[in-house]
Amino acid sequence: MKDKIIKELLEKETIRQNEGIELIASENYPSIDVMEAQGSIFTAKYAEGYPGKRYYGGCEVVDQVESLAIERAKELFHAKFANVQPHSGSQANFAAYHALLNKGDKVLSLVLNDGGHLTHGSPVSFSSHDYQFSFYPLGEDGHIDLDLLKELLDKENPNLLLAGYSAYPYAIPFKKIKEILDAHNEKASTHCFFMVDMAHIAGIIASGLCENPVDYADIVTSTTHKTLRGPRGGLILTNDEAIAKKVNSAIFPYSQGGPLEHVIAAKAVAFGEALHPAFKEYMRKVLENTKACNDELAALGAKVSGTDNHLFLLDVLSSYGINGKEAQARLGEIGITVNKNMIHGDTLSPALTSGIRIGFAALTSRGASLEDAKEVARIIHEALKTPNPNIEKLKERTAKIAASLKDVTSLQYPSIGE
Ligand code: DSN
């Protein structure tokens, strides 16, 4: 690369990622094949429209790329229709709302502090400006309270019920939610659609290790770069042809222009990797590592959420008397990257928080073992339990784990496309 400044920054970031322990639950390391597709000449092509119906000439090759991505996405999630063009999860959610709702319609979504996403009705997001949001809280045990959800559905009579979250460590009972919604819809004056944002757990769903929301929801949105381990981008799935048509128009021409065909090529590669049986083994290891770290911290006396998926929440305020912001900074000093996160019933502001969110999708992609996951727990505990831990010693322990893991720029995963 000729641009010296960017080259240097790229090298710095590669070192940071290789020498650190990445525990942000929404991050992951794609394969070199995904990165090769994403950095390819497909970026030079304009292709407004959809395969076979483009506004530009010369789309015969990108048509094949996009069709392959669509077919693989459908196979992976057992969906009848897929739109692979959303530039991000937020764009996917924007289009999904537009496909199902009229401006001003009512949406029932999880209380944001309990793990929702900005596009799920935050006052600072378009979502709360275009639609009227009301919220269902989690039950006292931090799990979805189905009785309360039923009550709120009947009370609020929304046009859309939204499930799927950013910081929820437990299995989501999609089937039961759908049963409750069906019972509500039988007697309600307004039909309520069901939308699932599966961004965080897409990889777990693809592996068949939890319920598949595509079987129950009218629309499922996702990102492709979290547990699914693809390029940064979005995805929308549905089994309903009429909704699929509305989704396509909501993406192009309503909210996006030319699709990012280089990213769509990378999505096709990632779907091909996720369709390979080896991906299920990877995902099993992610779940095992996450649980091992959670359990080790619990054994050391820390207050953790427990986990059924790729993440858990550590209550640093109850466990160590510090807030999430301080914990994030302290762990950052020793080479462990996490994010501060609200926990259920949090009394601190989102800028401080009482917890941190810990996920193992990324570290497991680098080959982290159960022993590594337990050692990470012990390092976190040592780093947070006293105000003045031995930073240098803890840094050495983190560096030792990182050095034993695979290089983030050369990861290769088996694919059905081989
Ligand atoms: N920013 C993502 C997360 O960290 O969960 C959600 O899009």
# chains A, B, ... in the order shown; residues from 1 in each chain; ligands from 1
$ residues_near_ligand --ligand "ligand 1" --cutoff "9 Å" --atoms "only C-alpha atoms and all ligand atoms" --output "ChimeraX atom specification"
/A:24-27,88-90,115-119,165-167,199-200,223,226,339
$ residues_around --residues "region 245-258 of chain A" --least-positions-apart "5" --cutoff "8 Å" --atoms "only C-alpha atoms" --output "ChimeraX atom specification"
/A:46-49,83,85-86,91-92,95-96,98-100,236
$ residues_around --residues "Gly104 (chain A)" --least-positions-apart "2" --cutoff "7 Å" --atoms "only C-alpha atoms" --output "tab-separated table (two decimals) with N, CA, C and O atoms, in the first residue's frame"
chain	number	residue	atom	x	y	z
A	102	ASN	N	-46.74	1.39	8.90
A	102	ASN	CA	-46.93	2.77	8.43
A	102	ASN	C	-46.34	3.69	9.49
A	102	ASN	O	-46.27	3.32	10.68
A	106	LYS	N	-47.44	1.28	16.05
A	106	LYS	CA	-46.92	0.97	17.39
A	106	LYS	C	-46.04	-0.29	17.38
A	106	LYS	O	-46.41	-1.30	16.77
A	130	ASP	N	-40.00	7.66	13.89
A	130	ASP	CA	-40.94	7.21	12.85
A	130	ASP	C	-42.09	6.37	13.41
A	130	ASP	O	-43.15	6.26	12.80
A	131	TYR	N	-41.85	5.69	14.54
A	131	TYR	CA	-42.86	4.77	15.09
A	131	TYR	C	-43.02	5.03	16.58
A	131	TYR	O	-42.15	5.61	17.21
A	132	GLN	N	-44.14	4.54	17.13
A	132	GLN	CA	-44.38	4.74	18.57
A	132	GLN	C	-43.95	3.47	19.31
A	132	GLN	O	-44.61	2.43	19.15
$ select_by_dssp --residues "region 170-388 of chain A" --states "alpha helix (DSSP H)" --output "JSON, numbers by chain"
{"A": [174, 175, 176, 177, 178, 179, 180, 181, 182, 183, 184, 185, 186, 187, 202, 203, 204, 205, 206, 241, 242, 243, 244, 245, 246, 247, 248, 249, 261, 262, 263, 264, 265, 266, 267, 268, 269, 270, 271, 272, 273, 274, 277, 278, 279, 280, 281, 282, 283, 284, 285, 286, 287, 288, 289, 290, 291, 292, 293, 294, 295, 296, 297, 298, 299, 316, 317, 318, 319, 320, 324, 325, 326, 327, 328, 329, 330, 331, 332, 333, 361, 362, 363, 364, 365, 370, 371, 372, 373, 374, 375, 376, 377, 378, 379, 380, 381, 382, 383, 384, 385]}
$ select_by_dssp --residues "region 29-64 of chain A" --states "strand (DSSP E or B)" --output "compact mmCIF listing (two decimals) with all heavy atoms, in the first residue's frame"
# COMPACT_ATOMS: atom_id res chain seq x y z
N GLY A 49 -30.58 -2.18 -8.18
CA GLY A 49 -31.61 -3.14 -8.57
C GLY A 49 -31.30 -4.49 -7.93
O GLY A 49 -30.61 -4.56 -6.91
N TYR A 50 -31.82 -5.54 -8.57
CA TYR A 50 -31.63 -6.91 -8.06
C TYR A 50 -31.22 -7.80 -9.22
O TYR A 50 -31.38 -7.42 -10.39
CB TYR A 50 -32.94 -7.38 -7.40
CG TYR A 50 -33.18 -6.66 -6.08
CD1 TYR A 50 -34.02 -5.55 -6.02
CD2 TYR A 50 -32.52 -7.05 -4.93
CE1 TYR A 50 -34.21 -4.85 -4.83
CE2 TYR A 50 -32.70 -6.36 -3.73
CZ TYR A 50 -33.54 -5.28 -3.68
OH TYR A 50 -33.71 -4.60 -2.50
N LYS A 53 -32.57 -7.67 -12.81
CA LYS A 53 -33.33 -6.40 -12.97
C LYS A 53 -32.47 -5.23 -12.48
O LYS A 53 -32.70 -4.67 -11.42
CB LYS A 53 -34.62 -6.45 -12.13
CG LYS A 53 -35.76 -7.18 -12.79
CD LYS A 53 -36.97 -7.23 -11.89
CE LYS A 53 -36.96 -8.55 -11.14
NZ LYS A 53 -37.73 -8.61 -9.92
N ARG A 54 -31.44 -4.92 -13.27
CA ARG A 54 -30.49 -3.87 -12.86
C ARG A 54 -30.68 -2.62 -13.70
O ARG A 54 -31.20 -2.69 -14.81
CB ARG A 54 -29.06 -4.38 -13.04
CG ARG A 54 -28.73 -5.68 -12.33
CD ARG A 54 -28.55 -5.51 -10.84
NE ARG A 54 -27.94 -6.71 -10.29
CZ ARG A 54 -27.72 -6.91 -9.00
NH1 ARG A 54 -28.05 -5.99 -8.11
NH2 ARG A 54 -27.17 -8.02 -8.57
$ residues_around --residues "Leu394 (chain A)" --least-positions-apart "3" --cutoff "7 Å" --atoms "only C-alpha atoms" --output "PDB file with all heavy atoms, in the first residue's frame"
ATOM      1  N   ILE A 334      -4.580  -3.999  30.340  1.00  0.00           N
ATOM      2  CA  ILE A 334      -3.839  -5.273  30.316  1.00  0.00           C
ATOM      3  C   ILE A 334      -4.085  -6.054  29.021  1.00  0.00           C
ATOM      4  O   ILE A 334      -3.755  -7.229  28.918  1.00  0.00           O
ATOM      5  CB  ILE A 334      -4.170  -6.143  31.561  1.00  0.00           C
ATOM      6  CG1 ILE A 334      -5.652  -6.510  31.610  1.00  0.00           C
ATOM      7  CG2 ILE A 334      -3.731  -5.448  32.833  1.00  0.00           C
ATOM      8  CD1 ILE A 334      -5.968  -7.644  32.554  1.00  0.00           C
ATOM      9  N   ILE A 379      -7.723 -13.945  34.979  1.00  0.00           N
ATOM     10  CA  ILE A 379      -7.031 -12.655  34.761  1.00  0.00           C
ATOM     11  C   ILE A 379      -8.004 -11.500  35.022  1.00  0.00           C
ATOM     12  O   ILE A 379      -7.656 -10.521  35.697  1.00  0.00           O
ATOM     13  CB  ILE A 379      -6.464 -12.577  33.321  1.00  0.00           C
ATOM     14  CG1 ILE A 379      -5.386 -13.638  33.103  1.00  0.00           C
ATOM     15  CG2 ILE A 379      -5.894 -11.190  33.045  1.00  0.00           C
ATOM     16  CD1 ILE A 379      -4.899 -13.769  31.664  1.00  0.00           C
ATOM     17  N   ASN A 390      -1.334  -5.821  39.909  1.00  0.00           N
ATOM     18  CA  ASN A 390      -0.021  -5.798  39.245  1.00  0.00           C
ATOM     19  C   ASN A 390      -0.242  -5.845  37.729  1.00  0.00           C
ATOM     20  O   ASN A 390      -0.313  -6.908  37.120  1.00  0.00           O
ATOM     21  CB  ASN A 390       0.808  -7.004  39.727  1.00  0.00           C
ATOM     22  CG  ASN A 390       2.224  -6.942  39.194  1.00  0.00           C
ATOM     23  OD1 ASN A 390       2.477  -6.344  38.150  1.00  0.00           O
ATOM     24  ND2 ASN A 390       3.143  -7.544  39.927  1.00  0.00           N
ATOM     25  N   ILE A 391      -0.354  -4.643  37.147  1.00  0.00           N
ATOM     26  CA  ILE A 391      -0.711  -4.520  35.728  1.00  0.00           C
ATOM     27  C   ILE A 391       0.301  -5.248  34.835  1.00  0.00           C
ATOM     28  O   ILE A 391      -0.076  -5.973  33.911  1.00  0.00           O
ATOM     29  CB  ILE A 391      -0.806  -3.023  35.326  1.00  0.00           C
ATOM     30  CG1 ILE A 391      -1.946  -2.327  36.099  1.00  0.00           C
ATOM     31  CG2 ILE A 391      -0.967  -2.839  33.822  1.00  0.00           C
ATOM     32  CD1 ILE A 391      -3.345  -2.675  35.679  1.00  0.00           C
ATOM     33  N   ARG A 397       0.367 -12.188  31.337  1.00  0.00           N
ATOM     34  CA  ARG A 397      -0.517 -13.367  31.242  1.00  0.00           C
ATOM     35  C   ARG A 397      -1.436 -13.252  30.030  1.00  0.00           C
ATOM     36  O   ARG A 397      -1.699 -14.229  29.338  1.00  0.00           O
ATOM     37  CB  ARG A 397      -1.332 -13.524  32.538  1.00  0.00           C
ATOM     38  CG  ARG A 397      -0.496 -14.133  33.666  1.00  0.00           C
ATOM     39  CD  ARG A 397      -1.198 -14.054  34.997  1.00  0.00           C
ATOM     40  NE  ARG A 397      -2.336 -14.943  35.107  1.00  0.00           N
ATOM     41  CZ  ARG A 397      -3.129 -14.982  36.188  1.00  0.00           C
ATOM     42  NH1 ARG A 397      -2.882 -14.192  37.233  1.00  0.00           N
ATOM     43  NH2 ARG A 397      -4.142 -15.820  36.247  1.00  0.00           N
ATOM     44  N   THR A 398      -1.942 -12.046  29.763  1.00  0.00           N
ATOM     45  CA  THR A 398      -2.808 -11.850  28.584  1.00  0.00           C
ATOM     46  C   THR A 398      -2.000 -12.077  27.314  1.00  0.00           C
ATOM     47  O   THR A 398      -2.463 -12.735  26.377  1.00  0.00           O
ATOM     48  CB  THR A 398      -3.354 -10.401  28.531  1.00  0.00           C
ATOM     49  OG1 THR A 398      -3.532  -9.925  29.821  1.00  0.00           O
ATOM     50  CG2 THR A 398      -4.640 -10.316  27.796  1.00  0.00           C
TER      51      THR A 398
END
$ residues_around --residues "Ala79 (chain A)" --least-positions-apart "4" --cutoff "7 Å" --atoms "only C-alpha atoms" --output "list of chain:residue names"
A:Lys74, A:Glu75, A:Val214, A:Leu237, A:Thr238, A:Asn239
$ residues_around --residues "Pro30 (chain A)" --least-positions-apart "4" --cutoff "8 Å" --atoms "only C-alpha atoms" --output "list in words"
Val34, Met35, His225, Arg229, Gly230, Pro231, Ala270 and Leu411 of chain A
$ write_last_selection --atoms "N, CA and C atoms" --output "PDB file, in the first residue's frame"
ATOM      1  N   VAL A  34     -13.023 -14.258   3.114  1.00  0.00           N
ATOM      2  CA  VAL A  34     -14.024 -13.192   3.268  1.00  0.00           C
ATOM      3  C   VAL A  34     -13.361 -11.838   3.004  1.00  0.00           C
ATOM      4  N   MET A  35     -12.168 -11.648   3.579  1.00  0.00           N
ATOM      5  CA  MET A  35     -11.489 -10.348   3.412  1.00  0.00           C
ATOM      6  C   MET A  35     -11.032 -10.143   1.969  1.00  0.00           C
ATOM      7  N   HIS A 225     -21.631 -10.059  10.602  1.00  0.00           N
ATOM      8  CA  HIS A 225     -20.242 -10.034  11.090  1.00  0.00           C
ATOM      9  C   HIS A 225     -20.082 -10.428  12.551  1.00  0.00           C
ATOM     10  N   ARG A 229     -19.684 -14.546  11.577  1.00  0.00           N
ATOM     11  CA  ARG A 229     -18.266 -14.500  11.169  1.00  0.00           C
ATOM     12  C   ARG A 229     -18.037 -14.097   9.705  1.00  0.00           C
ATOM     13  N   GLY A 230     -18.917 -13.226   9.193  1.00  0.00           N
ATOM     14  CA  GLY A 230     -18.743 -12.760   7.819  1.00  0.00           C
ATOM     15  C   GLY A 230     -18.232 -11.327   7.777  1.00  0.00           C
ATOM     16  N   PRO A 231     -18.446 -10.657   6.633  1.00  0.00           N
ATOM     17  CA  PRO A 231     -18.050  -9.256   6.518  1.00  0.00           C
ATOM     18  C   PRO A 231     -19.049  -8.369   7.248  1.00  0.00           C
ATOM     19  N   ALA A 270     -18.887 -16.164   3.394  1.00  0.00           N
ATOM     20  CA  ALA A 270     -19.146 -16.461   4.815  1.00  0.00           C
ATOM     21  C   ALA A 270     -20.301 -17.459   4.957  1.00  0.00           C
ATOM     22  N   LEU A 411      -6.718 -16.272   9.013  1.00  0.00           N
ATOM     23  CA  LEU A 411      -7.597 -17.358   9.448  1.00  0.00           C
ATOM     24  C   LEU A 411      -8.292 -17.992   8.235  1.00  0.00           C
TER      25      LEU A 411
END
$ closest_residue --among "A:Tyr413, A:Tyr56, A:Tyr97, A:Phe271" --to "Arg366 (chain A)" --atoms "only C-alpha atoms"
A:Tyr413
$ closest_residue --among "A:Phe42, A:Phe133, A:Phe360, A:Tyr29" --to "Glu156 (chain A)" --atoms "only C-alpha atoms"
A:Phe133
$ closest_residue --among "A:Val107, A:Ile336, A:Ala244, A:Ala278" --to "Val84 (chain A)" --atoms "only C-alpha atoms"
A:Ala244
$ residues_around --residues "Ser410 (chain A)" --least-positions-apart "2" --cutoff "7 Å" --atoms "only C-alpha atoms" --output "NGL selection string"
:A and (31-32 or 407-408 or 412)
$ write_last_selection --atoms "all heavy atoms" --output "mmCIF file, in the first residue's frame"
data_model
loop_
_atom_site.group_PDB
_atom_site.id
_atom_site.type_symbol
_atom_site.label_atom_id
_atom_site.label_comp_id
_atom_site.auth_asym_id
_atom_site.auth_seq_id
_atom_site.Cartn_x
_atom_site.Cartn_y
_atom_site.Cartn_z
ATOM 1 N N SER A 31 -12.580 -14.911 7.768
ATOM 2 C CA SER A 31 -11.481 -15.637 7.116
ATOM 3 C C SER A 31 -10.767 -14.730 6.115
ATOM 4 O O SER A 31 -11.302 -13.697 5.704
ATOM 5 C CB SER A 31 -12.043 -16.845 6.367
ATOM 6 O OG SER A 31 -12.872 -16.398 5.306
ATOM 7 N N ILE A 32 -9.587 -15.177 5.664
ATOM 8 C CA ILE A 32 -8.891 -14.408 4.620
ATOM 9 C C ILE A 32 -9.718 -14.421 3.337
ATOM 10 O O ILE A 32 -9.672 -13.475 2.562
ATOM 11 C CB ILE A 32 -7.445 -14.911 4.332
ATOM 12 C CG1 ILE A 32 -7.389 -16.424 4.257
ATOM 13 C CG2 ILE A 32 -6.475 -14.382 5.330
ATOM 14 C CD1 ILE A 32 -6.017 -16.929 3.802
ATOM 15 N N ASP A 407 -3.042 -16.059 14.141
ATOM 16 C CA ASP A 407 -2.925 -14.691 13.609
ATOM 17 C C ASP A 407 -4.268 -14.270 12.994
ATOM 18 O O ASP A 407 -4.851 -14.998 12.197
ATOM 19 C CB ASP A 407 -1.824 -14.720 12.536
ATOM 20 C CG ASP A 407 -1.562 -13.352 11.960
ATOM 21 O OD1 ASP A 407 -2.495 -12.743 11.387
ATOM 22 O OD2 ASP A 407 -0.423 -12.892 12.080
ATOM 23 N N VAL A 408 -4.739 -13.073 13.337
ATOM 24 C CA VAL A 408 -6.072 -12.639 12.895
ATOM 25 C C VAL A 408 -6.157 -12.338 11.394
ATOM 26 O O VAL A 408 -7.254 -12.227 10.853
ATOM 27 C CB VAL A 408 -6.564 -11.389 13.671
ATOM 28 C CG1 VAL A 408 -6.713 -11.676 15.142
ATOM 29 C CG2 VAL A 408 -5.648 -10.193 13.442
ATOM 30 N N GLN A 412 -8.363 -19.309 8.265
ATOM 31 C CA GLN A 412 -9.036 -20.026 7.167
ATOM 32 C C GLN A 412 -10.046 -20.996 7.774
ATOM 33 O O GLN A 412 -9.731 -21.679 8.753
ATOM 34 C CB GLN A 412 -8.015 -20.810 6.357
ATOM 35 C CG GLN A 412 -7.276 -19.933 5.369
ATOM 36 C CD GLN A 412 -6.273 -20.719 4.565
ATOM 37 O OE1 GLN A 412 -5.386 -21.350 5.133
ATOM 38 N NE2 GLN A 412 -6.402 -20.681 3.258
#
$ closest_residue --among "A:Gly52, A:Pro213, A:Gly208, A:Gly142" --to "Lys175 (chain A)" --atoms "only C-alpha atoms"
A:Pro213
